[in-house]
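Have a look at query-v4.cif; it's mmCIF, C-alpha atoms:
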```cif
data_target
#
loop_
_atom_site.label_atom_id
_atom_site.label_comp_id
_atom_site.auth_asym_id
_atom_site.auth_seq_id
_atom_site.Cartn_x
_atom_site.Cartn_y
_atom_site.Cartn_z
CA MET A 620 -1.99 20.57 -10.02
CA ALA A 621 -2.61 17.10 -8.80
CA LYS A 622 -3.34 14.36 -11.28
CA THR A 623 -6.97 14.10 -12.21
CA PHE A 624 -9.36 11.32 -13.18
CA LYS A 625 -12.88 10.91 -14.50
CA LEU A 626 -15.96 10.50 -12.34
CA GLU A 627 -19.49 9.62 -13.33
CA VAL A 628 -22.38 9.55 -10.87
CA VAL A 629 -25.39 7.87 -12.45
CA THR A 630 -28.91 7.20 -11.17
CA PRO A 631 -31.66 5.44 -13.13
CA GLU A 632 -33.22 8.86 -13.70
CA ARG A 633 -30.25 10.89 -14.83
CA VAL A 634 -26.51 11.28 -15.07
CA VAL A 635 -25.90 13.47 -12.03
CA TYR A 636 -22.24 14.23 -12.45
CA ASN A 637 -19.80 13.63 -15.27
CA ASP A 638 -16.53 15.49 -14.98
CA THR A 639 -12.84 15.34 -14.20
CA VAL A 640 -11.97 15.45 -10.51
CA GLN A 641 -8.94 15.46 -8.22
CA SER A 642 -10.14 13.37 -5.33
CA ILE A 643 -13.18 11.59 -3.95
CA THR A 644 -14.15 10.56 -0.44
CA ALA A 645 -16.85 7.91 -0.27
CA GLU A 646 -18.55 5.98 2.50
CA GLY A 647 -18.16 2.28 1.82
CA ILE A 648 -19.99 -0.47 3.66
CA GLU A 649 -16.85 -1.10 5.65
CA GLY A 650 -15.92 2.51 6.28
CA SER A 651 -15.01 5.59 4.33
CA PHE A 652 -12.14 5.72 1.90
CA GLY A 653 -10.47 8.26 -0.32
CA ILE A 654 -9.58 7.97 -3.98
CA LEU A 655 -6.89 9.79 -5.88
CA ALA A 656 -5.74 9.35 -9.46
CA ASP A 657 -4.10 6.03 -10.42
CA HIS A 658 -6.05 4.11 -7.82
CA ALA A 659 -6.00 0.32 -8.18
CA ALA A 660 -8.99 -1.36 -9.81
CA MET A 661 -11.72 -1.78 -7.24
CA ILE A 662 -15.39 -2.59 -6.88
CA ALA A 663 -17.01 -1.38 -3.68
CA GLU A 664 -20.46 -1.26 -2.21
CA LEU A 665 -21.41 2.09 -0.74
CA GLN A 666 -23.65 2.82 2.18
CA THR A 667 -26.15 5.61 2.42
CA GLY A 668 -23.97 8.60 3.07
CA ILE A 669 -22.15 11.56 1.63
CA LEU A 670 -19.86 11.50 -1.38
CA THR A 671 -17.36 14.34 -1.36
CA ILE A 672 -15.66 15.39 -4.55
CA SER A 673 -12.86 17.84 -5.05
CA ASP A 674 -13.01 19.00 -8.66
CA VAL A 675 -10.31 20.44 -10.93
CA ASN A 676 -10.79 23.94 -9.52
CA ASN A 677 -10.33 22.67 -5.97
CA LYS A 678 -14.01 23.23 -5.38
CA THR A 679 -15.77 20.78 -3.11
CA VAL A 680 -18.99 19.23 -4.34
CA ARG A 681 -21.01 16.97 -2.07
CA PHE A 682 -23.77 14.51 -2.82
CA ALA A 683 -26.05 12.49 -0.57
CA LEU A 684 -26.18 8.94 -1.94
CA ASP A 685 -28.80 6.35 -1.15
CA GLY A 686 -26.49 3.37 -1.11
CA GLY A 687 -24.92 2.17 -4.32
CA PHE A 688 -21.88 0.71 -5.99
CA MET A 689 -18.60 2.09 -7.18
CA GLU A 690 -16.18 0.84 -9.75
CA ILE A 691 -12.69 2.20 -10.17
CA LEU A 692 -10.90 1.14 -13.30
CA SER A 693 -7.92 2.82 -14.95
CA ASN A 694 -8.74 6.34 -13.80
CA ASN A 695 -12.44 6.02 -14.52
CA VAL A 696 -14.74 6.00 -11.54
CA ILE A 697 -18.39 5.07 -11.87
CA VAL A 698 -20.85 5.51 -9.01
CA LEU A 699 -24.25 3.88 -9.36
CA THR A 700 -26.92 4.87 -6.89
CA ASP A 701 -30.71 4.78 -6.62
CA THR A 702 -31.17 8.41 -5.75
CA CYS A 703 -28.72 11.20 -5.33
CA ALA A 704 -29.16 14.74 -4.06
CA LYS A 705 -26.68 17.49 -4.75
CA GLU A 706 -25.60 19.88 -2.04
CA GLY A 707 -27.90 22.90 -2.08
CA GLU A 708 -30.66 20.99 -3.85
CA VAL A 709 -31.93 19.27 -0.74
CA ASN A 710 -35.55 19.92 0.13
CA VAL A 711 -35.09 20.38 3.89
CA GLU A 712 -38.79 20.33 4.75
CA LYS A 713 -39.34 17.12 2.83
CA ALA A 714 -36.31 15.51 4.43
CA MET A 715 -37.57 16.52 7.88
CA ALA A 716 -40.98 15.01 7.15
CA GLU A 717 -39.30 11.87 5.84
CA LYS A 718 -37.23 11.62 8.97
CA ALA A 719 -40.27 12.00 11.21
CA SER A 720 -42.27 9.36 9.35
CA ALA A 721 -39.29 7.00 9.30
CA GLU A 722 -38.90 7.38 13.05
CA LYS A 723 -42.58 6.60 13.52
CA ALA A 724 -42.33 3.59 11.25
CA LEU A 725 -39.31 2.37 13.17
CA LEU A 726 -41.25 2.45 16.43
CA LYS A 727 -44.16 0.57 14.91
CA ALA A 728 -42.11 -1.89 12.86
CA GLY A 729 -42.40 -5.42 14.12
CA SER A 730 -40.76 -7.78 11.65
CA GLY A 731 -37.13 -7.64 10.64
CA VAL A 732 -37.79 -6.57 7.04
CA GLU A 733 -39.95 -3.62 8.03
CA LYS A 734 -37.45 -2.55 10.61
CA GLU A 735 -34.63 -2.65 8.08
CA LYS A 736 -36.71 -0.63 5.65
CA ALA A 737 -37.51 2.02 8.26
CA LYS A 738 -33.89 2.15 9.33
CA ALA A 739 -32.76 2.67 5.75
CA ALA A 740 -35.32 5.44 5.25
CA LEU A 741 -34.22 7.12 8.45
CA LYS A 742 -30.60 6.96 7.43
CA HIS A 743 -31.40 8.44 4.03
CA ALA A 744 -33.30 11.32 5.65
CA THR A 745 -30.56 12.07 8.16
CA THR A 746 -27.95 12.00 5.42
CA LEU A 747 -29.97 14.54 3.45
CA LEU A 748 -30.24 16.78 6.50
CA LYS A 749 -26.56 16.40 7.21
CA LEU A 750 -25.83 17.53 3.68
CA ALA A 751 -28.16 20.51 4.01
CA ASN A 752 -26.73 21.74 7.33
CA ARG A 753 -23.10 21.01 6.51
CA MET B 65 -76.04 8.77 -53.76
CA LEU B 66 -76.20 10.77 -50.58
CA SER B 67 -77.98 14.06 -50.44
CA THR B 68 -75.98 17.24 -49.97
CA LYS B 69 -77.27 17.56 -46.44
CA GLU B 70 -76.11 14.09 -45.47
CA ILE B 71 -72.70 14.64 -47.03
CA LYS B 72 -72.31 17.88 -45.15
CA GLN B 73 -73.08 16.13 -41.90
CA ARG B 74 -70.45 13.50 -42.57
CA ILE B 75 -67.84 16.09 -43.42
CA ARG B 76 -68.55 17.81 -40.15
CA SER B 77 -68.23 14.65 -38.07
CA ILE B 78 -65.01 13.63 -39.82
CA SER B 79 -63.50 17.07 -39.24
CA SER B 80 -64.13 16.77 -35.55
CA ILE B 81 -62.55 13.29 -35.56
CA LYS B 82 -59.58 14.77 -37.33
CA GLN B 83 -59.27 17.42 -34.67
CA ILE B 84 -59.27 14.77 -31.96
CA THR B 85 -56.68 12.59 -33.67
CA ARG B 86 -54.47 15.60 -34.23
CA ALA B 87 -54.74 16.55 -30.56
CA MET B 88 -53.91 12.97 -29.56
CA GLU B 89 -50.93 13.01 -31.86
CA MET B 90 -49.61 16.13 -30.20
CA VAL B 91 -50.17 14.75 -26.72
CA ALA B 92 -48.32 11.58 -27.69
CA ALA B 93 -45.50 13.64 -29.21
CA SER B 94 -44.94 15.70 -26.07
CA ARG B 95 -45.11 12.62 -23.81
CA LEU B 96 -42.74 10.82 -26.13
CA LYS B 97 -40.21 13.59 -25.80
CA LYS B 98 -40.35 13.45 -22.02
CA VAL B 99 -40.08 9.71 -21.74
CA GLU B 100 -37.43 9.48 -24.42
CA SER B 101 -35.00 11.47 -22.30
CA ARG B 102 -35.82 9.21 -19.37
CA VAL B 103 -35.12 6.07 -21.36
CA LEU B 104 -31.78 7.40 -22.53
CA ALA B 105 -30.76 8.32 -18.97
CA SER B 106 -31.79 4.94 -17.70
CA ARG B 107 -29.91 3.21 -20.51
CA ALA B 108 -26.72 4.85 -19.26
CA TYR B 109 -27.36 3.41 -15.81
CA THR B 110 -28.22 -0.05 -17.08
CA GLU B 111 -25.15 -0.20 -19.27
CA ARG B 112 -22.85 0.73 -16.43
CA MET B 113 -24.52 -1.69 -14.09
CA HIS B 114 -24.01 -4.43 -16.66
CA GLN B 115 -20.38 -3.45 -17.05
CA ILE B 116 -19.68 -3.59 -13.32
CA LEU B 117 -21.43 -6.92 -12.96
CA ASN B 118 -19.52 -8.17 -15.95
CA HIS B 119 -16.19 -7.27 -14.42
CA LEU B 120 -17.25 -8.64 -11.10
CA VAL B 121 -18.31 -12.01 -12.48
CA SER B 122 -15.39 -12.41 -14.86
CA SER B 123 -12.79 -11.58 -12.25
CA SER B 124 -14.08 -13.84 -9.50
CA SER B 125 -14.77 -17.54 -9.53
CA LEU B 126 -18.06 -17.71 -7.67
CA GLU B 127 -20.45 -17.55 -10.59
CA THR B 128 -21.57 -21.16 -10.38
CA ALA B 129 -22.26 -21.00 -6.69
CA HIS B 130 -24.81 -18.23 -6.83
CA PRO B 131 -28.44 -19.35 -7.20
CA CYS B 132 -28.97 -16.71 -9.86
CA PHE B 133 -26.84 -18.71 -12.23
CA ALA B 134 -28.13 -22.13 -11.28
CA GLU B 135 -30.06 -23.84 -14.05
CA ARG B 136 -33.23 -25.04 -12.37
CA ALA B 137 -35.59 -25.10 -15.34
CA HIS B 138 -35.83 -28.91 -15.20
CA GLU B 139 -36.49 -29.16 -11.51
CA ILE B 140 -39.12 -26.45 -11.34
CA PRO B 141 -41.27 -26.43 -14.49
CA VAL B 142 -42.81 -23.06 -13.80
CA ILE B 143 -42.05 -20.03 -15.92
CA LYS B 144 -42.96 -16.59 -14.76
CA ILE B 145 -43.50 -13.89 -17.33
CA ILE B 146 -43.70 -10.17 -16.83
CA LEU B 147 -45.64 -8.62 -19.69
CA ILE B 148 -45.61 -4.91 -20.32
CA THR B 149 -48.41 -3.48 -22.44
CA ALA B 150 -50.25 -0.18 -22.69
CA ASP B 151 -53.32 0.81 -20.72
CA LYS B 152 -55.07 2.14 -23.78
CA GLY B 153 -55.47 1.17 -27.38
CA LEU B 154 -55.26 3.46 -30.42
CA CYS B 155 -51.57 2.82 -30.83
CA GLY B 156 -51.45 0.60 -33.88
CA ALA B 157 -50.19 -2.93 -33.47
CA TYR B 158 -48.13 -2.08 -30.37
CA ASN B 159 -50.12 -4.17 -27.87
CA ASN B 160 -50.91 -7.00 -30.23
CA ASN B 161 -47.31 -7.52 -31.33
CA VAL B 162 -46.00 -8.13 -27.85
CA ILE B 163 -49.06 -10.15 -26.80
CA GLN B 164 -48.67 -12.44 -29.80
CA LYS B 165 -45.07 -12.96 -28.84
CA VAL B 166 -46.13 -14.20 -25.42
CA VAL B 167 -48.79 -16.46 -26.97
CA LYS B 168 -46.19 -17.99 -29.26
CA PHE B 169 -43.78 -18.45 -26.37
CA ALA B 170 -46.49 -20.12 -24.28
CA LYS B 171 -47.21 -22.57 -27.13
CA GLU B 172 -43.54 -23.45 -27.44
CA HIS B 173 -43.35 -24.10 -23.70
CA ALA B 174 -46.65 -25.93 -23.38
CA ASP B 175 -45.08 -28.52 -21.08
CA LYS B 176 -44.47 -25.93 -18.40
CA THR B 177 -46.77 -23.91 -16.22
CA ILE B 178 -46.79 -20.28 -17.18
CA ARG B 179 -47.64 -17.59 -14.71
CA LEU B 180 -48.17 -14.06 -15.87
CA VAL B 181 -47.46 -10.78 -14.17
CA HIS B 182 -49.05 -7.87 -15.98
CA ILE B 183 -48.04 -4.29 -16.12
CA GLY B 184 -50.57 -2.54 -18.34
CA LYS B 185 -54.28 -3.10 -18.83
CA LYS B 186 -54.35 -4.44 -22.36
CA GLY B 187 -52.26 -7.50 -21.69
CA ASN B 188 -54.34 -8.33 -18.64
CA LEU B 189 -57.54 -7.98 -20.66
CA TYR B 190 -56.30 -10.29 -23.38
CA PHE B 191 -54.98 -13.04 -21.16
CA SER B 192 -57.80 -13.04 -18.64
CA LYS B 193 -60.03 -14.49 -21.37
CA GLY B 194 -57.69 -17.16 -22.64
CA GLY B 195 -57.43 -19.49 -19.67
CA TYR B 196 -53.97 -18.36 -18.66
CA SER B 197 -52.99 -18.17 -15.06
CA ILE B 198 -52.55 -14.55 -14.09
CA GLU B 199 -50.62 -14.19 -10.95
CA LYS B 200 -50.49 -10.48 -10.52
CA TYR B 201 -51.81 -7.42 -12.24
CA PHE B 202 -50.72 -3.91 -11.49
CA PRO B 203 -53.68 -1.65 -12.12
CA GLU B 204 -51.56 1.47 -11.84
CA ASN B 205 -50.84 3.52 -14.88
CA VAL B 206 -47.79 2.21 -16.70
CA GLU B 207 -46.50 5.75 -16.81
CA LYS B 208 -46.74 6.09 -13.04
CA PHE B 209 -44.91 2.86 -12.47
CA GLY B 210 -41.82 4.34 -10.87
CA TYR B 211 -38.59 2.95 -9.61
CA SER B 212 -39.91 2.34 -6.10
CA GLN B 213 -42.69 0.09 -7.43
CA VAL B 214 -40.17 -1.75 -9.55
CA LYS B 215 -38.10 -2.27 -6.42
CA THR B 216 -41.02 -3.88 -4.58
CA LEU B 217 -41.87 -6.08 -7.55
CA ALA B 218 -38.26 -7.12 -8.05
CA SER B 219 -37.69 -8.05 -4.42
CA HIS B 220 -40.94 -10.02 -4.42
CA LEU B 221 -39.86 -11.92 -7.52
CA PHE B 222 -36.38 -12.44 -6.23
CA ASN B 223 -37.62 -13.94 -2.98
CA GLY B 224 -39.99 -16.17 -4.93
CA TYR B 225 -37.18 -17.37 -7.10
CA GLU B 226 -34.92 -18.13 -4.18
CA ALA B 227 -37.75 -19.98 -2.47
CA GLY B 228 -38.12 -22.12 -5.59
CA GLU B 229 -41.57 -20.92 -6.67
CA PHE B 230 -40.51 -20.76 -10.30
CA GLY B 231 -37.56 -21.89 -12.37
CA GLN B 232 -37.32 -19.14 -14.94
CA LEU B 233 -38.28 -15.51 -15.18
CA TYR B 234 -38.82 -13.72 -18.47
CA ILE B 235 -39.85 -10.21 -19.30
CA PHE B 236 -41.72 -9.36 -22.50
CA PHE B 237 -41.57 -5.76 -23.61
CA THR B 238 -41.17 -3.55 -26.67
CA LYS B 239 -37.71 -2.26 -27.33
CA PHE B 240 -37.57 1.29 -28.56
CA ASN B 241 -35.28 2.05 -31.45
CA THR B 242 -36.60 5.03 -33.36
CA VAL B 243 -40.05 6.56 -33.57
CA MET B 244 -40.82 4.49 -36.64
CA GLN B 245 -39.15 1.37 -35.33
CA SER B 246 -39.57 -0.66 -32.19
CA PHE B 247 -39.38 -4.37 -31.65
CA PRO B 248 -41.33 -6.66 -29.37
CA SER B 249 -38.62 -8.53 -27.46
CA HIS B 250 -38.01 -10.66 -24.43
CA ILE B 251 -35.19 -11.15 -21.97
CA GLN B 252 -34.51 -13.98 -19.60
CA LEU B 253 -34.05 -12.31 -16.24
CA LEU B 254 -33.55 -15.40 -14.08
CA PRO B 255 -31.51 -17.48 -14.03
CA VAL B 256 -29.00 -14.97 -15.31
CA GLU B 257 -27.57 -16.28 -18.53
CA LYS B 258 -23.90 -16.81 -18.15
CA GLY B 259 -23.37 -15.87 -21.78
CA ALA B 260 -24.38 -12.33 -20.92
CA PHE B 261 -21.29 -11.94 -18.79
CA GLU B 262 -18.61 -13.60 -20.80
CA THR B 263 -15.93 -11.10 -21.48
CA LYS B 264 -13.55 -11.59 -24.32
CA GLU B 265 -10.71 -10.10 -22.39
CA LYS B 266 -10.03 -11.39 -18.90
CA LEU B 267 -7.75 -8.50 -18.17
CA TYR B 268 -9.12 -7.11 -15.01
CA ARG B 269 -8.39 -9.87 -12.59
CA GLU B 270 -6.85 -7.83 -9.88
CA TYR B 271 -9.82 -6.03 -8.49
CA ILE B 272 -9.99 -5.06 -4.87
CA PHE B 273 -13.40 -5.97 -3.52
CA GLU B 274 -14.93 -4.17 -0.62
CA PRO B 275 -16.72 -6.03 0.95
CA LEU B 276 -16.02 -9.51 -0.44
CA ALA B 277 -17.04 -10.22 -3.99
CA ASP B 278 -19.79 -12.66 -3.10
CA GLN B 279 -21.33 -10.14 -0.73
CA ILE B 280 -21.33 -7.50 -3.43
CA ILE B 281 -22.94 -9.95 -5.83
CA GLU B 282 -25.57 -10.74 -3.23
CA HIS B 283 -26.65 -7.11 -3.31
CA LEU B 284 -25.85 -6.26 -6.88
CA PHE B 285 -27.95 -9.01 -8.46
CA PRO B 286 -31.33 -7.93 -7.11
CA LYS B 287 -30.39 -4.41 -8.14
CA TYR B 288 -29.50 -5.62 -11.60
CA ILE B 289 -32.89 -7.32 -12.00
CA GLU B 290 -34.58 -4.12 -10.78
CA THR B 291 -32.67 -2.04 -13.25
CA GLN B 292 -33.56 -4.32 -16.11
CA ILE B 293 -37.26 -4.34 -15.28
CA TYR B 294 -37.24 -0.56 -14.96
CA GLN B 295 -35.41 -0.21 -18.25
CA CYS B 296 -37.89 -2.52 -20.01
CA ILE B 297 -40.84 -0.50 -18.69
CA LEU B 298 -39.33 2.71 -19.99
CA GLU B 299 -38.50 1.14 -23.35
CA SER B 300 -42.09 -0.07 -23.65
CA LEU B 301 -43.53 3.26 -22.63
CA THR B 302 -41.45 5.08 -25.21
CA SER B 303 -42.45 2.58 -27.89
CA GLU B 304 -46.08 3.01 -26.90
CA TYR B 305 -46.03 6.76 -27.35
CA ALA B 306 -44.10 6.44 -30.59
CA ALA B 307 -46.63 3.90 -31.88
CA ARG B 308 -49.53 6.07 -30.80
CA ARG B 309 -48.03 9.09 -32.46
CA VAL B 310 -47.50 7.25 -35.72
CA ALA B 311 -51.02 5.79 -35.58
CA MET B 312 -52.53 9.21 -34.93
CA ILE B 313 -50.56 10.84 -37.74
CA ALA B 314 -51.92 8.19 -40.09
CA ALA B 315 -55.46 8.67 -38.75
CA THR B 316 -55.25 12.45 -39.21
CA GLU B 317 -54.01 11.98 -42.76
CA ASN B 318 -56.78 9.52 -43.56
CA ALA B 319 -59.39 11.85 -42.15
CA GLY B 320 -58.01 14.64 -44.35
CA GLU B 321 -58.25 12.42 -47.42
CA MET B 322 -61.80 11.44 -46.57
CA ILE B 323 -62.80 15.06 -46.14
CA ASP B 324 -61.32 15.90 -49.56
CA GLU B 325 -63.26 13.09 -51.17
CA LEU B 326 -66.50 13.98 -49.46
CA THR B 327 -66.09 17.64 -50.40
CA ARG B 328 -65.72 16.58 -54.03
CA SER B 329 -68.88 14.50 -53.97
CA TYR B 330 -70.67 17.29 -52.11
CA ASN B 331 -69.78 19.75 -54.88
CA LYS B 332 -70.86 17.25 -57.49
CA ALA B 333 -74.19 16.68 -55.79
CA ARG B 334 -74.76 20.39 -55.42
CA GLN B 335 -73.96 20.95 -59.11
CA GLU B 336 -76.41 18.24 -60.05
CA THR B 337 -79.30 19.75 -58.12
CA ILE B 338 -78.59 23.15 -59.67
CA THR B 339 -78.58 21.64 -63.17
CA LYS B 340 -81.82 19.83 -62.44
CA GLU B 341 -83.52 22.97 -61.15
CA LEU B 342 -82.30 24.97 -64.15
CA LEU B 343 -83.63 22.35 -66.54
CA GLU B 344 -87.00 22.51 -64.81
CA VAL B 345 -87.13 26.30 -65.05
CA ILE B 346 -86.10 26.31 -68.73
CA SER B 347 -88.54 23.60 -69.74
CA GLY B 348 -91.29 25.41 -67.83
CA ALA B 349 -90.50 28.66 -69.64
CA GLU B 350 -90.46 26.92 -73.02
CA ALA B 351 -93.85 25.40 -72.34
CA LEU B 352 -95.21 28.88 -71.55
CA ILE B 353 -93.82 30.42 -74.80
CA LYS B 354 -95.26 27.58 -76.88
CA GLY B 355 -98.59 27.89 -75.18
#
```

Starting from the file, give its structure as C-alpha cells.
Amino acid sequence: MAKTFKLEVVTPERVVYNDTVQSITAEGIEGSFGILADHAAMIAELQTGILTISDVNNKTVRFALDGGFMEILSNNVIVLTDTCAKEGEVNVEKAMAEKASAEKALLKAGSGVEKEKAKAALKHATTLLKLANR
Amino acid sequence: MLSTKEIKQRIRSISSIKQITRAMEMVAASRLKKVESRVLASRAYTERMHQILNHLVSSSSLETAHPCFAERAHEIPVIKIILITADKGLCGAYNNNVIQKVVKFAKEHADKTIRLVHIGKKGNLYFSKGGYSIEKYFPENVEKFGYSQVKTLASHLFNGYEAGEFGQLYIFFTKFNTVMQSFPSHIQLLPVEKGAFETKEKLYREYIFEPLADQIIEHLFPKYIETQIYQCILESLTSEYAARRVAMIAATENAGEMIDELTRSYNKARQETITKELLEVISGAEALIKG
C-alpha cells in the first residue's frame, strides 16, 4: 500500500473529514495539483471546486469546496473552507435554484463587487451540480 | 400577619413562577447543548486558521508591509468596538459584565472617539442612553447571526479600516469556559497584533506558496477577522445560555424555598384560627353550664 498521510477538512460549522488518506487532488487558484505522502511544506489558496480524496481503502471521496486554504506540513494536510458539501449530500434542487438566481443576479449586476459576488455564487452552484452529476 | 386566604394566593402565584423559571431553565439547557457543539466546532476552525496564518507570517518577511499590521492608532484617533450582548435579560450578570467592561475601556481611552457596533439588543439599549456614538446596530437575533452576516460585517469593517475610517478595531464578548464560568473579554482585531504571531520556533521557512505569500495574506486576513468575529459571537451565545440556565436554576430554587416558607406560615395561621375557634366554643359551653 502506498504511504499515507493525515487530512482534515474543517469548516466553521463542523469538522467535515478527519482521516488518513493516500492522495488528494485539489483545485488551487493557479490550477489543480495532486498531493501524495511526504509532500513539501506548502500553503495554497484554493478556488471553488472539487476536492478529490483517495482514502486508505482506495475509495474515492469527493467534496465541493467554496474556496479556502490548504496547509501541508509534515504529512498533515489541513483544508479550511467556508462551506463544504460531501458527494451524495448535495441538494440538487437547491443548487439548481441557486444557479438560476445567480445567473439572474449576474445579468442585473452593475458594479464590479456585485458582479464578482454573483460570479462566485454561480461557480459554487455549478460546482455542487458537477459533484452531484459526476 | 397575612390571612390564610392571602397566603394561599401567594403560594399559588409563586408556584406558577417556579414553573416558568423551570421551563426557561430547560429551554436554556437544550439551546446551550446545541450551541456548545457549534462553538467547539468553530474553535477547531479558528485554531487551524491561526496556525496557518502563524506559519505564513513567520516564514515570510512581508508582515510590516501589510496595512493590517501597521500601527495607525496615533494618526487616526478613532476606535471601533463591536459589542456582543444578549437580546433578553434574565441571565444574571451576563450583559452587565461585558457592558461594564466597555464602559471602563471607554473611560481609559477618553482621548479617542469611540464608535460602537452592536450585536444584541441589551448593549444597544444601554449605550443609546449614555451619549455614546452608535454606528451600527444589528436588530437580528444574536442566535440567527450566521456566518454570512459575519462575512458582510467583516468586509464592511475591513474596507473601512483600509480607507482609514478608524485606527483600531476591538471586539468585546464573553468567553465561554464552563457552564459555571465565563469571562467578559476583549480582543484587538485590527491592527493585528504582531505578538499573536510570534512563533518560538522558526523552523518552517521553506514553504511553497501558491499563489505568492502576499496574495494569500491579502485573502487570508479578511477571512481571519471573519472567523474571529464568528467565534466571538458563538462564545458569547454559549455564555449567555449558560448564564441564563444558572440564573434560572437559582430562581427555581428560590421559588421552592419561598413556597416552603409560605406553606409553614399558612399552616401556622390555620392552626391559630382553629385554636381561636375552639377557645370560643369551649368558653361558650362553659358559660352555658354555669348559667

Problem set entry | Chain and number of each residue from the PyMOL selection byres ((chain A and resi 709) around 8), as a list in words | Ala704, Lys705, Glu706, Gly707, Glu708, Asn710, Val711, Ala714, Leu747, Leu748, Leu750 and Ala751 of chain A

Exercise. Any chance you could work out the residue set of the PyMOL selection byres ((chain A and resi 680) around 9) here, as number ranges by chain?
Worked result: A: 670-674, 678-679, 681-682, 705-706

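Counting only C-alpha atoms, every residue of chain B that comes within 7 Å of chain A is listed here: Arg102, Ala105, Ser106, Tyr109, Ile116, Glu270, Tyr271, Ile272, Phe273, Glu274, Pro275 and Ile280 of chain B.
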
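For the pair atom CA of B:Lys185 and atom CA of B:Asp151, the interatomic distance is 4.4 Å.
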
Seminar exercise, completed: Restricting to all atoms listed in the file, whichever of A:Ala683, A:Ile654, A:Leu741, A:Leu626 is closest to A:Ala716 is A:Leu741

Exercise. What residues come out when you apply the PyMOL selection byres ((chain B and resi 327) around 12) to this file, written as a ChimeraX atom specification?
Worked result: /B:68-76,78-79,320-326,328-334

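Remark: for A:Lys713, the closest of the candidate residues A:Ala621, A:Val732, A:Ile643, A:Ala744 is A:Ala744 (distances computed over only C-alpha atoms).
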
Listed atoms of stretch 268-287 of chain B, axis-aligned box, 5 Å per side: centre and edge lengths to one decimal in Å, as AutoDock Vina command-line options?
```
--center_x -19.1 --center_y -8.4 --center_z -7.0 --size_x 34.5 --size_y 18.5 --size_z 26.0
```

For this session: Counting all atoms listed in the file, write as number ranges by chain all protein and nucleic acid residues lying at most 9 Å from (-51.3, -8.2, -12.2) in the file's frame.
Result: B: 180-185, 188, 198-203

Is there a way to get, as a PDB file with C-alpha atoms, keeping the file's coordinate frame, all residues within 8 Å of the point (-24.6, -7.5, -13.1) in file coordinates, counting all atoms listed in the file?
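Once written, part_23.pdb looks like this:
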```pdb
ATOM      1  CA  MET B 113     -24.520  -1.690 -14.090  1.00  0.00           C
ATOM      2  CA  HIS B 114     -24.010  -4.430 -16.660  1.00  0.00           C
ATOM      3  CA  GLN B 115     -20.380  -3.450 -17.050  1.00  0.00           C
ATOM      4  CA  ILE B 116     -19.680  -3.590 -13.320  1.00  0.00           C
ATOM      5  CA  LEU B 117     -21.430  -6.920 -12.960  1.00  0.00           C
ATOM      6  CA  ASN B 118     -19.520  -8.170 -15.950  1.00  0.00           C
ATOM      7  CA  LEU B 120     -17.250  -8.640 -11.100  1.00  0.00           C
ATOM      8  CA  VAL B 121     -18.310 -12.010 -12.480  1.00  0.00           C
ATOM      9  CA  PHE B 261     -21.290 -11.940 -18.790  1.00  0.00           C
ATOM     10  CA  ILE B 281     -22.940  -9.950  -5.830  1.00  0.00           C
ATOM     11  CA  LEU B 284     -25.850  -6.260  -6.880  1.00  0.00           C
ATOM     12  CA  PHE B 285     -27.950  -9.010  -8.460  1.00  0.00           C
ATOM     13  CA  TYR B 288     -29.500  -5.620 -11.600  1.00  0.00           C
TER      14      TYR B 288
END
```

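Put simply, atom CA of A:His658 is 18.5 Å away from atom CA of B:Ala277.
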
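Of the listed residues A:Lys718, A:Lys734, A:Ala645, A:Val696, the one whose atoms come nearest to A:Thr667 is A:Ala645, with distances taken using all atoms listed in the file.
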
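Here atom CA of B:Ile178 is placed at a distance of 10.5 Å from atom CA of B:Gly231.
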
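The nearest approach to B:Lys239 among the residues B:Ala108, B:Ala227, B:Leu301, B:Ala218, with all atoms listed in the file taken into account, belongs to B:Leu301.
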